[in-house]
Structures are given as C-alpha cells and as structure tokens.
file entry_32.pdb (PDB, C-alpha atoms)
ATOM      1  CA  MET A   1       0.000   0.000   0.000
ATOM      2  CA  ASN A   2       2.905   2.311   0.707
ATOM      3  CA  ALA A   3       4.265   1.928  -2.793
ATOM      4  CA  ILE A   4       0.880   2.652  -4.373
ATOM      5  CA  GLY A   5       0.583   5.914  -2.446
ATOM      6  CA  ALA A   6       4.094   6.951  -3.354
ATOM      7  CA  GLY A   7       3.530   6.175  -7.010
ATOM      8  CA  ILE A   8       0.238   8.055  -7.147
ATOM      9  CA  SER A   9       1.812  11.092  -5.458
ATOM     10  CA  ILE A  10       4.651  11.527  -7.890
ATOM     11  CA  ALA A  11       2.545  10.548 -10.922
ATOM     12  CA  LEU A  12      -0.095  13.203 -10.292
ATOM     13  CA  ALA A  13       2.558  15.808  -9.569
ATOM     14  CA  ALA A  14       4.387  15.040 -12.799
ATOM     15  CA  LEU A  15       1.106  15.335 -14.712
ATOM     16  CA  GLY A  16       0.391  18.761 -13.299
ATOM     17  CA  VAL A  17       3.964  19.928 -13.782
ATOM     18  CA  SER A  18       4.089  18.907 -17.422
ATOM     19  CA  PHE A  19       0.977  20.937 -18.203
ATOM     20  CA  SER A  20       2.200  23.934 -16.209
ATOM     21  CA  LEU A  21       5.630  23.989 -17.832
ATOM     22  CA  ALA A  22       4.045  23.688 -21.249
ATOM     23  CA  ILE A  23       1.880  26.735 -20.497
ATOM     24  CA  VAL A  24       4.863  28.734 -19.209
ATOM     25  CA  TYR A  25       7.015  28.045 -22.253
ATOM     26  CA  PHE A  26       4.098  28.544 -24.642
ATOM     27  CA  LYS A  27       3.363  32.004 -23.273
ATOM     28  CA  THR A  28       7.049  32.876 -23.118
ATOM     29  CA  LEU A  29       7.460  32.066 -26.795
ATOM     30  CA  ASP A  30       4.367  34.126 -27.602
ATOM     31  CA  SER A  31       5.757  37.078 -25.645
ATOM     32  CA  ILE A  32       9.126  36.820 -27.389
ATOM     33  CA  THR A  33       7.309  36.854 -30.723
ATOM     34  CA  ARG A  34       5.390  39.981 -29.779
ATOM     35  CA  GLN A  35       8.362  41.902 -28.359
ATOM     36  CA  PRO A  36      11.733  40.467 -29.387
ATOM     37  CA  ASP A  37      13.811  43.159 -27.698
ATOM     38  CA  LEU A  38      12.692  42.157 -24.175
ATOM     39  CA  LEU A  39      14.303  38.747 -24.611
ATOM     40  CA  GLY A  40      16.549  39.157 -21.551
ATOM     41  CA  SER A  41      13.652  39.776 -19.169
ATOM     42  CA  PHE A  42      11.641  36.951 -20.686
ATOM     43  CA  ARG A  43      14.557  34.548 -20.264
ATOM     44  CA  VAL A  44      14.946  35.445 -16.576
ATOM     45  CA  LEU A  45      11.204  35.126 -15.926
ATOM     46  CA  MET A  46      11.096  31.813 -17.782
ATOM     47  CA  PHE A  47      13.828  30.347 -15.584
ATOM     48  CA  ILE A  48      12.131  31.637 -12.439
ATOM     49  CA  GLY A  49       8.829  30.064 -13.526
ATOM     50  CA  PHE A  50      10.570  26.807 -14.388
ATOM     51  CA  ALA A  51      12.220  26.578 -10.956
ATOM     52  CA  PHE A  52       9.007  27.258  -9.052
ATOM     53  CA  ILE A  53       7.006  24.664 -10.972
ATOM     54  CA  GLU A  54       9.764  22.034 -10.751
ATOM     55  CA  ALA A  55       9.906  22.683  -7.013
ATOM     56  CA  ILE A  56       6.247  21.668  -6.664
ATOM     57  CA  ALA A  57       6.945  18.353  -8.376
ATOM     58  CA  LEU A  58       9.881  17.861  -6.037
ATOM     59  CA  TYR A  59       7.702  18.524  -2.971
ATOM     60  CA  ALA A  60       5.600  15.588  -4.185
ATOM     61  CA  LEU A  61       8.788  13.556  -4.632
ATOM     62  CA  VAL A  62       9.764  14.328  -1.030
ATOM     63  CA  VAL A  63       6.303  13.168   0.083
ATOM     64  CA  SER A  64       6.616   9.943  -1.903
ATOM     65  CA  PHE A  65      10.044   9.232  -0.412
ATOM     66  CA  SER A  66       8.616   9.814   3.079
ATOM     67  CA  ILE A  67       5.736   7.433   2.328
ATOM     68  CA  ILE A  68       8.151   4.756   1.093
ATOM     69  CA  ASN A  69      10.407   5.055   4.106
ATOM     70  CA  SER A  70       7.756   5.121   6.820
TER
ATOM     71  CA  MET B   1      14.876   9.848   3.305
ATOM     72  CA  ALA B   2      16.827  12.623   4.903
ATOM     73  CA  ALA B   3      16.696  10.890   8.280
ATOM     74  CA  GLU B   4      18.750   7.837   7.362
ATOM     75  CA  HIS B   5      21.204   9.781   5.199
ATOM     76  CA  VAL B   6      24.335   8.622   7.017
ATOM     77  CA  GLN B   7      27.167  11.138   6.735
ATOM     78  CA  THR B   8      30.740   9.886   6.725
ATOM     79  CA  VAL B   9      32.306  11.196   9.923
ATOM     80  CA  ILE B  10      35.858  12.464   9.684
ATOM     81  CA  TYR B  11      36.421  13.592  13.246
ATOM     82  CA  HIS B  12      34.244  12.918  16.272
ATOM     83  CA  LEU B  13      33.469  15.963  18.340
ATOM     84  CA  ALA B  14      30.857  16.501  21.019
ATOM     85  CA  PHE B  15      30.040  19.284  23.439
ATOM     86  CA  HIS B  16      28.164  18.175  26.569
ATOM     87  CA  GLY B  17      26.252  15.563  24.633
ATOM     88  CA  VAL B  18      25.545  17.795  21.640
ATOM     89  CA  ASN B  19      26.780  16.046  18.523
ATOM     90  CA  LEU B  20      29.282  18.272  16.708
ATOM     91  CA  ASP B  21      30.912  15.655  14.475
ATOM     92  CA  VAL B  22      33.034  16.922  11.617
ATOM     93  CA  THR B  23      31.454  15.124   8.668
ATOM     94  CA  LYS B  24      32.116  15.313   4.946
ATOM     95  CA  PRO B  25      29.477  17.996   4.211
ATOM     96  CA  VAL B  26      31.024  20.116   6.968
ATOM     97  CA  VAL B  27      34.475  19.843   5.362
ATOM     98  CA  VAL B  28      33.015  20.656   1.939
ATOM     99  CA  MET B  29      31.310  23.723   3.412
ATOM    100  CA  TRP B  30      34.609  24.860   4.911
ATOM    101  CA  VAL B  31      36.317  24.485   1.532
ATOM    102  CA  VAL B  32      33.483  26.348  -0.229
ATOM    103  CA  SER B  33      33.534  29.152   2.338
ATOM    104  CA  ALA B  34      37.298  29.486   1.928
ATOM    105  CA  MET B  35      36.875  29.625  -1.850
ATOM    106  CA  VAL B  36      34.157  32.292  -1.637
ATOM    107  CA  PHE B  37      36.223  34.337   0.823
ATOM    108  CA  LEU B  38      39.382  34.065  -1.270
ATOM    109  CA  PHE B  39      37.513  34.972  -4.451
ATOM    110  CA  LEU B  40      35.946  38.067  -2.944
ATOM    111  CA  THR B  41      39.138  39.322  -1.257
ATOM    112  CA  VAL B  42      41.716  38.331  -3.874
ATOM    113  CA  ALA B  43      39.598  40.241  -6.393
ATOM    114  CA  ASN B  44      41.039  43.472  -4.984
ATOM    115  CA  PHE B  45      44.552  42.530  -6.023
ATOM    116  CA  PHE B  46      44.274  40.966  -9.476
ATOM    117  CA  SER B  47      42.609  42.816 -12.324
ATOM    118  CA  GLY B  48      41.444  39.629 -14.002
ATOM    119  CA  VAL B  49      39.723  38.407 -10.861
ATOM    120  CA  ARG B  50      38.342  41.904 -10.320
ATOM    121  CA  ARG B  51      36.725  41.716 -13.746
ATOM    122  CA  VAL B  52      35.034  38.419 -12.831
ATOM    123  CA  GLU B  53      33.842  39.864  -9.542
ATOM    124  CA  ARG B  54      32.520  42.968 -11.335
ATOM    125  CA  PHE B  55      30.721  40.682 -13.779
ATOM    126  CA  LEU B  56      29.125  38.802 -10.889
ATOM    127  CA  PHE B  57      28.041  41.984  -9.090
ATOM    128  CA  ASP B  58      26.608  43.380 -12.321
ATOM    129  CA  PHE B  59      24.728  40.145 -12.904
ATOM    130  CA  ILE B  60      23.206  40.260  -9.415
ATOM    131  CA  HIS B  61      22.471  43.981  -9.825
ATOM    132  CA  ASP B  62      20.734  43.497 -13.152
ATOM    133  CA  ALA B  63      18.791  40.485 -11.978
ATOM    134  CA  PHE B  64      17.664  41.767  -8.584
ATOM    135  CA  GLY B  65      18.165  45.516  -8.711
ATOM    136  CA  SER B  66      14.649  46.183  -9.878
ATOM    137  CA  SER B  67      13.061  44.105  -7.121
ATOM    138  CA  LEU B  68      15.350  45.436  -4.408
ATOM    139  CA  HIS B  69      14.372  49.080  -4.144
ATOM    140  CA  THR B  70      16.949  50.030  -1.561
ATOM    141  CA  LYS B  71      19.999  52.163  -2.262
ATOM    142  CA  LYS B  72      22.130  50.473   0.335
ATOM    143  CA  THR B  73      24.717  48.220  -1.269
ATOM    144  CA  ILE B  74      25.067  45.941   1.746
ATOM    145  CA  TRP B  75      22.246  43.818   0.365
ATOM    146  CA  PHE B  76      24.177  43.252  -2.839
ATOM    147  CA  SER B  77      27.124  41.924  -0.856
ATOM    148  CA  PHE B  78      24.829  39.613   1.087
ATOM    149  CA  LEU B  79      23.119  38.365  -2.062
ATOM    150  CA  VAL B  80      26.374  37.850  -3.958
ATOM    151  CA  THR B  81      27.839  35.866  -1.069
ATOM    152  CA  LEU B  82      24.660  33.817  -0.714
ATOM    153  CA  PHE B  83      24.568  33.108  -4.440
ATOM    154  CA  LEU B  84      28.242  32.114  -4.595
ATOM    155  CA  PHE B  85      28.005  29.897  -1.531
ATOM    156  CA  ILE B  86      24.906  28.035  -2.711
ATOM    157  CA  PHE B  87      26.181  27.718  -6.288
ATOM    158  CA  LEU B  88      29.554  26.296  -5.228
ATOM    159  CA  CYS B  89      27.901  24.018  -2.662
ATOM    160  CA  ASN B  90      25.552  22.675  -5.327
ATOM    161  CA  LEU B  91      28.424  22.152  -7.751
ATOM    162  CA  SER B  92      30.413  20.217  -5.145
ATOM    163  CA  GLY B  93      28.002  17.344  -5.685
ATOM    164  CA  LEU B  94      29.496  16.832  -9.141
ATOM    165  CA  VAL B  95      33.127  16.823  -8.018
ATOM    166  CA  PRO B  96      34.457  13.282  -7.483
ATOM    167  CA  PHE B  97      34.841  12.197  -3.850
ATOM    168  CA  SER B  98      32.893  15.122  -2.491
ATOM    169  CA  GLU B  99      29.187  15.672  -1.899
ATOM    170  CA  SER B 100      26.980  18.722  -1.937
ATOM    171  CA  PRO B 101      26.166  20.009   1.554
ATOM    172  CA  THR B 102      22.900  21.392   0.196
ATOM    173  CA  SER B 103      21.643  17.875  -0.445
ATOM    174  CA  GLY B 104      20.995  17.649   3.311
ATOM    175  CA  ILE B 105      17.953  19.327   4.817
ATOM    176  CA  SER B 106      19.916  20.802   7.728
ATOM    177  CA  VAL B 107      22.065  23.088   5.577
ATOM    178  CA  THR B 108      19.210  24.373   3.446
ATOM    179  CA  ALA B 109      16.931  24.799   6.468
ATOM    180  CA  ALA B 110      19.607  26.823   8.244
ATOM    181  CA  MET B 111      19.976  29.150   5.270
ATOM    182  CA  ALA B 112      16.210  29.479   4.894
ATOM    183  CA  VAL B 113      15.851  30.341   8.591
ATOM    184  CA  VAL B 114      18.567  32.981   8.221
ATOM    185  CA  VAL B 115      16.796  34.548   5.227
ATOM    186  CA  PHE B 116      13.466  34.468   7.080
ATOM    187  CA  LEU B 117      14.928  36.098  10.194
ATOM    188  CA  VAL B 118      16.671  38.748   8.095
ATOM    189  CA  SER B 119      13.461  39.604   6.250
ATOM    190  CA  GLN B 120      11.404  39.844   9.458
ATOM    191  CA  LEU B 121      14.074  41.919  11.203
ATOM    192  CA  VAL B 122      14.250  44.266   8.206
ATOM    193  CA  GLY B 123      10.480  44.635   8.379
ATOM    194  CA  VAL B 124      10.515  45.407  12.094
ATOM    195  CA  TYR B 125      13.486  47.763  11.649
ATOM    196  CA  CYS B 126      11.800  49.731   8.868
ATOM    197  CA  HIS B 127       8.232  49.776  10.160
ATOM    198  CA  GLY B 128       8.319  48.989  13.855
ATOM    199  CA  PHE B 129       5.577  46.688  15.035
ATOM    200  CA  ARG B 130       3.343  47.841  12.221
ATOM    201  CA  HIS B 131       5.220  45.154  10.318
ATOM    202  CA  LEU B 132       2.565  42.790  11.664
ATOM    203  CA  LYS B 133       0.117  44.523   9.342
ATOM    204  CA  VAL B 134       1.586  42.444   6.532
ATOM    205  CA  LEU B 135      -0.758  39.748   7.836
ATOM    206  CA  VAL B 136      -3.749  41.950   7.022
ATOM    207  CA  PRO B 137      -4.270  42.619   3.318
ATOM    208  CA  SER B 138      -5.991  45.864   2.458
ATOM    209  CA  GLY B 139      -9.645  45.994   1.581
ATOM    210  CA  ILE B 140     -10.882  43.171   3.804
ATOM    211  CA  PRO B 141     -14.116  43.640   5.843
ATOM    212  CA  VAL B 142     -13.357  43.410   9.550
ATOM    213  CA  ILE B 143     -15.704  40.417   9.998
ATOM    214  CA  MET B 144     -13.386  38.189   7.932
ATOM    215  CA  LEU B 145     -10.231  39.097   9.864
ATOM    216  CA  PRO B 146     -10.216  36.065  12.247
ATOM    217  CA  PHE B 147     -10.263  33.841   9.176
ATOM    218  CA  ILE B 148      -7.807  35.772   7.053
ATOM    219  CA  ILE B 149      -5.078  36.270   9.663
ATOM    220  CA  PRO B 150      -4.298  32.558  10.276
ATOM    221  CA  LEU B 151      -4.244  31.944   6.535
ATOM    222  CA  GLU B 152      -1.852  34.826   5.947
ATOM    223  CA  LEU B 153       0.269  33.679   8.893
ATOM    224  CA  ILE B 154       0.541  30.196   7.405
ATOM    225  CA  SER B 155       1.444  31.580   4.007
ATOM    226  CA  GLN B 156       4.159  33.762   5.545
ATOM    227  CA  LEU B 157       5.532  30.825   7.552
ATOM    228  CA  ALA B 158       5.461  28.600   4.474
ATOM    229  CA  ARG B 159       8.080  30.794   2.832
ATOM    230  CA  PRO B 160      11.157  29.465   4.693
ATOM    231  CA  PHE B 161       9.788  25.917   4.431
ATOM    232  CA  SER B 162       9.413  26.131   0.679
ATOM    233  CA  LEU B 163      12.801  27.808   0.362
ATOM    234  CA  ALA B 164      14.515  25.007   2.285
ATOM    235  CA  ILE B 165      12.676  22.110   0.671
ATOM    236  CA  ARG B 166      13.028  23.476  -2.881
ATOM    237  CA  LEU B 167      16.816  23.563  -2.696
ATOM    238  CA  PHE B 168      17.099  20.301  -0.750
ATOM    239  CA  ALA B 169      14.728  18.365  -3.003
ATOM    240  CA  ASN B 170      16.376  19.573  -6.223
ATOM    241  CA  MET B 171      19.829  18.537  -5.046
ATOM    242  CA  PHE B 172      18.712  15.267  -3.480
ATOM    243  CA  ALA B 173      16.545  14.218  -6.422
ATOM    244  CA  GLY B 174      19.385  14.867  -8.860
ATOM    245  CA  HIS B 175      21.667  12.542  -6.940
ATOM    246  CA  SER B 176      18.933   9.907  -6.571
ATOM    247  CA  VAL B 177      18.222   9.781 -10.297
ATOM    248  CA  MET B 178      21.938   9.580 -11.034
ATOM    249  CA  LEU B 179      22.234   6.651  -8.605
ATOM    250  CA  ILE B 180      19.412   4.906 -10.443
ATOM    251  CA  PHE B 181      21.190   5.357 -13.768
ATOM    252  CA  LEU B 182      24.456   4.068 -12.303
ATOM    253  CA  GLY B 183      22.586   1.044 -11.004
ATOM    254  CA  LEU B 184      21.279   0.500 -14.517
ATOM    255  CA  ILE B 185      24.849   0.516 -15.825
ATOM    256  CA  THR B 186      25.983  -2.168 -13.422
ATOM    257  CA  SER B 187      22.896  -4.316 -13.890
ATOM    258  CA  ALA B 188      22.967  -4.266 -17.708
ATOM    259  CA  THR B 189      24.116  -7.597 -19.125
ATOM    260  CA  PHE B 190      25.646  -6.821 -22.523
ATOM    261  CA  PRO B 191      28.455  -4.241 -22.727
ATOM    262  CA  LEU B 192      26.568  -2.515 -25.557
ATOM    263  CA  LEU B 193      23.532  -2.113 -23.303
ATOM    264  CA  LYS B 194      25.712  -0.313 -20.782
ATOM    265  CA  LEU B 195      26.186   2.548 -23.230
ATOM    266  CA  LEU B 196      22.680   3.953 -22.842
ATOM    267  CA  PRO B 197      22.720   4.492 -19.064
ATOM    268  CA  PHE B 198      26.241   5.902 -19.405
ATOM    269  CA  ALA B 199      24.985   8.491 -21.881
ATOM    270  CA  GLY B 200      22.143   9.153 -19.474
ATOM    271  CA  VAL B 201      24.574   9.786 -16.622
ATOM    272  CA  VAL B 202      26.620  12.189 -18.762
ATOM    273  CA  LEU B 203      23.517  14.129 -19.849
ATOM    274  CA  LEU B 204      22.201  14.134 -16.280
ATOM    275  CA  SER B 205      25.467  15.598 -15.019
ATOM    276  CA  MET B 206      25.199  18.415 -17.524
ATOM    277  CA  PHE B 207      21.587  19.000 -16.496
ATOM    278  CA  GLU B 208      22.675  19.042 -12.861
ATOM    279  CA  ILE B 209      25.132  21.854 -13.527
ATOM    280  CA  PHE B 210      22.207  23.808 -14.974
ATOM    281  CA  VAL B 211      19.980  22.913 -12.000
ATOM    282  CA  ALA B 212      22.736  23.929  -9.557
ATOM    283  CA  PHE B 213      22.932  27.383 -11.130
ATOM    284  CA  ILE B 214      19.161  27.793 -11.380
ATOM    285  CA  GLN B 215      18.514  26.778  -7.766
ATOM    286  CA  ALA B 216      21.197  29.123  -6.462
ATOM    287  CA  PHE B 217      19.672  31.907  -8.569
ATOM    288  CA  ILE B 218      16.149  31.131  -7.352
ATOM    289  CA  PHE B 219      17.187  31.041  -3.689
ATOM    290  CA  THR B 220      18.953  34.381  -4.031
ATOM    291  CA  TYR B 221      16.067  35.889  -6.007
ATOM    292  CA  LEU B 222      13.536  34.816  -3.379
ATOM    293  CA  ALA B 223      15.773  36.091  -0.585
ATOM    294  CA  SER B 224      15.981  39.492  -2.285
ATOM    295  CA  PHE B 225      12.236  39.480  -2.926
ATOM    296  CA  TYR B 226      11.354  38.648   0.697
ATOM    297  CA  ILE B 227      13.723  41.303   2.034
ATOM    298  CA  SER B 228      12.460  44.009  -0.291
ATOM    299  CA  ASP B 229       8.877  42.906   0.333
ATOM    300  CA  ALA B 230       9.377  43.324   4.074
ATOM    301  CA  ALA B 231      11.012  46.710   3.599
ATOM    302  CA  HIS B 232       8.781  48.241   0.908
ATOM    303  CA  GLY B 233       6.047  45.793   0.195
ATOM    304  CA  ALA B 234       2.530  45.825   1.484
ATOM    305  CA  HIS B 235       2.839  48.870   3.705
TER
END
call {"tool": "encode", "arguments": {"input": "entry_32.pdb", "output": "structure tokens"}}
result
Amino acid sequence: MNAIGAGISIALAALGVSFSLAIVYFKTLDSITRQPDLLGSFRVLMFIGFAFIEAIALYALVVSFSIINS
Amino acid sequence: MAAEHVQTVIYHLAFHGVNLDVTKPVVVMWVVSAMVFLFLTVANFFSGVRRVERFLFDFIHDAFGSSLHTKKTIWFSFLVTLFLFIFLCNLSGLVPFSESPTSGISVTAAMAVVVFLVSQLVGVYCHGFRHLKVLVPSGIPVIMLPFIIPLELISQLARPFSLAIRLFANMFAGHSVMLIFLGLITSATFPLLKLLPFAGVVLLSMFEIFVAFIQAFIFTYLASFYISDAAHGAH
C-alpha cells in the first residue's frame, strides 16, 4: 500500500507539472514573438517560472520518499 | 529519506552531549567558504579576478536591482555571497569524492531560517511593530479578519519551508536519479547495453550543472524578494 501511495503522489505531480511547464514556455514564446527586444527579461522570468514549478513536483517527490520510508 | 542519510564522519566531536561531528558535508562547506572568501578578497589585487567579480556583481544587480528598491549596497554583498556559496555548494556534488552540503535538509533549512529572520528583522526595523500589518491585506471587511489572519500567517511561515525544501529536493533528487542510472549501468548484461545508461549519466550531469545554477539563482532571487517585500512591500 505504501508503494501505491508513493507512485500516485509523484505521478499526479508530474502530470500537473508537465501541463504547467508547457503553459509557461508557450506564453514565453508568444511574448518573445510579440516583443523580441525584451528577450533578456523573458529569459529570466522563464527560468524563475521553471524553478518554481519544478519545485512543486519535487515537494511531491519528497512526500513519496517519506511514504516509502515510513 | 533525509533521516537515514548517514554522513561519513571524519572527526568525532561533542560538546556536553551535543553532537558536533566533523562530517564530509562540513568539510566541503569549509572548503566552499574558503573559496568564496578568497575569491571576494583576492579580487582586490588581481585585475582579471576583479573583472570576474565585477561581472558577478553586475549580474546580481541586473537580476535583482529592480526588485530590491533600496539604495544600500550591503544587500548586494549579502546576495552575492549567498549566491556564490549556494552555487559552489551545489556544484560540489558533481566533483568526485565530495558531496553537496545542500543535499541535506539541515544546511538548506539553516539558510532558509537565516533569510526568514533577516526579512522579518528588516520589516521590524523599517516599520516597527506595524510590520505585523503584513498579515492583514488591504480591503478586507473586519468580519473576515479572524479567518484571514491565520491563513496569511501560514502563508508567511510557508516561505522558509518552501525555500529550504526546494533547494534540498532539487539537489537530493538529482543525486537519486543519477544513482538509479548508475545502477542501470551495473545491472545491464551486454556491454553494448551499458552505453545507454552511461549516456544518461553524462547528460544528467550536464543537467545538474544547470539545475545547480538555477537553484542558487532562485534562492537568491527569493531572498531578495522577501527582504524588499518586508522593507517596501505591502505597507
């Protein structure tokens, strides 16, 4: 039962993260198309968005490790 | 996961029952601190190193100068040191025979607590005890206050938690996935089948350099945001 919970945790998190990252990069590319000279700001914001969303998937990974080891 | 992460002890040390063992992450942190200190002081004597240090300060200034509305340059020194320390600590995980201290929750939690205390003290220093008004967003009817204040308190207290766990989980997960790939190398039967996990390990190492830089940048960015938010934010 522990393994099922851990698997479900990380699987759902990865699902949400993949959609969120796709949205972030999609809108970043659209913004670069609209205003190409703000590329520096867009790059910085894209990396910040990437790190935040990856962090949420890693919280779920931490939870799944805790479930496995308890 | 972090509880049974056994650290290799180099020198046993205790103070009245408090465990102060010198372990490998402690030695790596000493080496990283010495490197950061040497880099930032030697830069005054060599023009080449001074150019690198100027590049780093300009990078931090361009990245965080707009969010940090203060004119005092002491925050830039703090942020540059924080960024260098976390970046070099993260990179130490890729050096052979050494590990990253930030892949343990204690190091990242200590840094997150420091950033949290600094931001709260800056808020109290700038605004007195009206700093507690950050818990009360503007435009709320007074009836809803007993519900809003605990929620805002939790969201403020979640900041150091998320800061610590973000850095710890990124570093720890990188090492875990690399261990899985290395296990795949040893458990593959044909020598040709060993090539694929080896390529995976190489690519993962390159991705980990990128993740090390990004996580150091994100930690420093959030530290600057919390400090400037406490000083100039919702008041």
call {"tool": "closest_atom_pairs", "arguments": {"input": "entry_32.pdb", "of": "chain A", "to": "chain B", "cutoff": "9 Å", "atoms": "all atoms listed in the file", "output": "JSON lines"}}
result
{"residue": "A:Ser41", "atom": "CA", "partner": "B:Ala63", "partner_atom": "CA", "distance": 8.9}
{"residue": "A:Val44", "atom": "CA", "partner": "B:Ala63", "partner_atom": "CA", "distance": 7.8}
{"residue": "A:Phe47", "atom": "CA", "partner": "B:Ile214", "partner_atom": "CA", "distance": 7.3}
{"residue": "A:Ile48", "atom": "CA", "partner": "B:Ile218", "partner_atom": "CA", "distance": 6.5}
{"residue": "A:Ala51", "atom": "CA", "partner": "B:Ile218", "partner_atom": "CA", "distance": 7.0}
{"residue": "A:Phe52", "atom": "CA", "partner": "B:Arg166", "partner_atom": "CA", "distance": 8.3}
{"residue": "A:Glu54", "atom": "CA", "partner": "B:Asn170", "partner_atom": "CA", "distance": 8.4}
{"residue": "A:Ala55", "atom": "CA", "partner": "B:Arg166", "partner_atom": "CA", "distance": 5.2}
{"residue": "A:Ile56", "atom": "CA", "partner": "B:Arg166", "partner_atom": "CA", "distance": 8.0}
{"residue": "A:Leu58", "atom": "CA", "partner": "B:Ala169", "partner_atom": "CA", "distance": 5.7}
{"residue": "A:Tyr59", "atom": "CA", "partner": "B:Ala169", "partner_atom": "CA", "distance": 7.0}
{"residue": "A:Leu61", "atom": "CA", "partner": "B:Ala169", "partner_atom": "CA", "distance": 7.8}
{"residue": "A:Val62", "atom": "CA", "partner": "B:Ala169", "partner_atom": "CA", "distance": 6.7}
{"residue": "A:Phe65", "atom": "CA", "partner": "B:Met1", "partner_atom": "CA", "distance": 6.1}
{"residue": "A:Ser66", "atom": "CA", "partner": "B:Met1", "partner_atom": "CA", "distance": 6.3}
{"residue": "A:Ile68", "atom": "CA", "partner": "B:Met1", "partner_atom": "CA", "distance": 8.7}
{"residue": "A:Asn69", "atom": "CA", "partner": "B:Met1", "partner_atom": "CA", "distance": 6.6}
call {"tool": "residues_around", "arguments": {"input": "entry_32.pdb", "residues": "Ala43 of chain B", "least_positions_apart": "5", "cutoff": "10 Å", "atoms": "all atoms listed in the file", "output": "count of residues only"}}
result
9
call {"tool": "resolve_selection", "arguments": {"input": "entry_32.pdb", "expression": "the PyMOL selection byres ((chain B and resi 82) around 10)", "output": "PyMOL selection string"}}
result
chain B and resi 36+76-81+83-87+111+115+216-217+219-220+223
call {"tool": "residues_around", "arguments": {"input": "entry_32.pdb", "residues": "Ile10 of chain A", "least_positions_apart": "4", "cutoff": "7 Å", "atoms": "only C-alpha atoms", "output": "mmCIF file with C-alpha atoms, in the coordinates of the input"}}
result
data_model
loop_
_atom_site.group_PDB
_atom_site.id
_atom_site.type_symbol
_atom_site.label_atom_id
_atom_site.label_comp_id
_atom_site.auth_asym_id
_atom_site.auth_seq_id
_atom_site.Cartn_x
_atom_site.Cartn_y
_atom_site.Cartn_z
ATOM 1 C CA ALA A 6 4.094 6.951 -3.354
ATOM 2 C CA ALA A 14 4.387 15.040 -12.799
ATOM 3 C CA ALA A 60 5.600 15.588 -4.185
ATOM 4 C CA LEU A 61 8.788 13.556 -4.632
ATOM 5 C CA SER A 64 6.616 9.943 -1.903
#
call {"tool": "axis_aligned_box", "arguments": {"input": "entry_32.pdb", "around": "segment 226-231 of chain B", "padding_each_side": "8 Å", "output": "lines of an AutoDock Vina configuration file"}}
result
center_x = 11.3
center_y = 42.7
center_z = 1.9
size_x = 20.8
size_y = 24.1
size_z = 20.4
call {"tool": "closest_residue", "arguments": {"input": "entry_32.pdb", "among": "A:Ala13, A:Val24, A:Met1, A:Leu38", "to": "Ser70 of chain A", "atoms": "all atoms listed in the file"}}
result
A:Met1
call {"tool": "atom_distance", "arguments": {"input": "entry_32.pdb", "atom1": "atom CA of Gly16 of chain A", "atom2": "atom CA of Phe50 of chain A"}}
result
13.0 Å
call {"tool": "residues_around", "arguments": {"input": "entry_32.pdb", "residues": "segment 123-131 of chain B", "least_positions_apart": "4", "cutoff": "7 Å", "atoms": "only C-alpha atoms", "output": "list in words"}}
result
Ser119, Ala230 and Ala231 of chain B
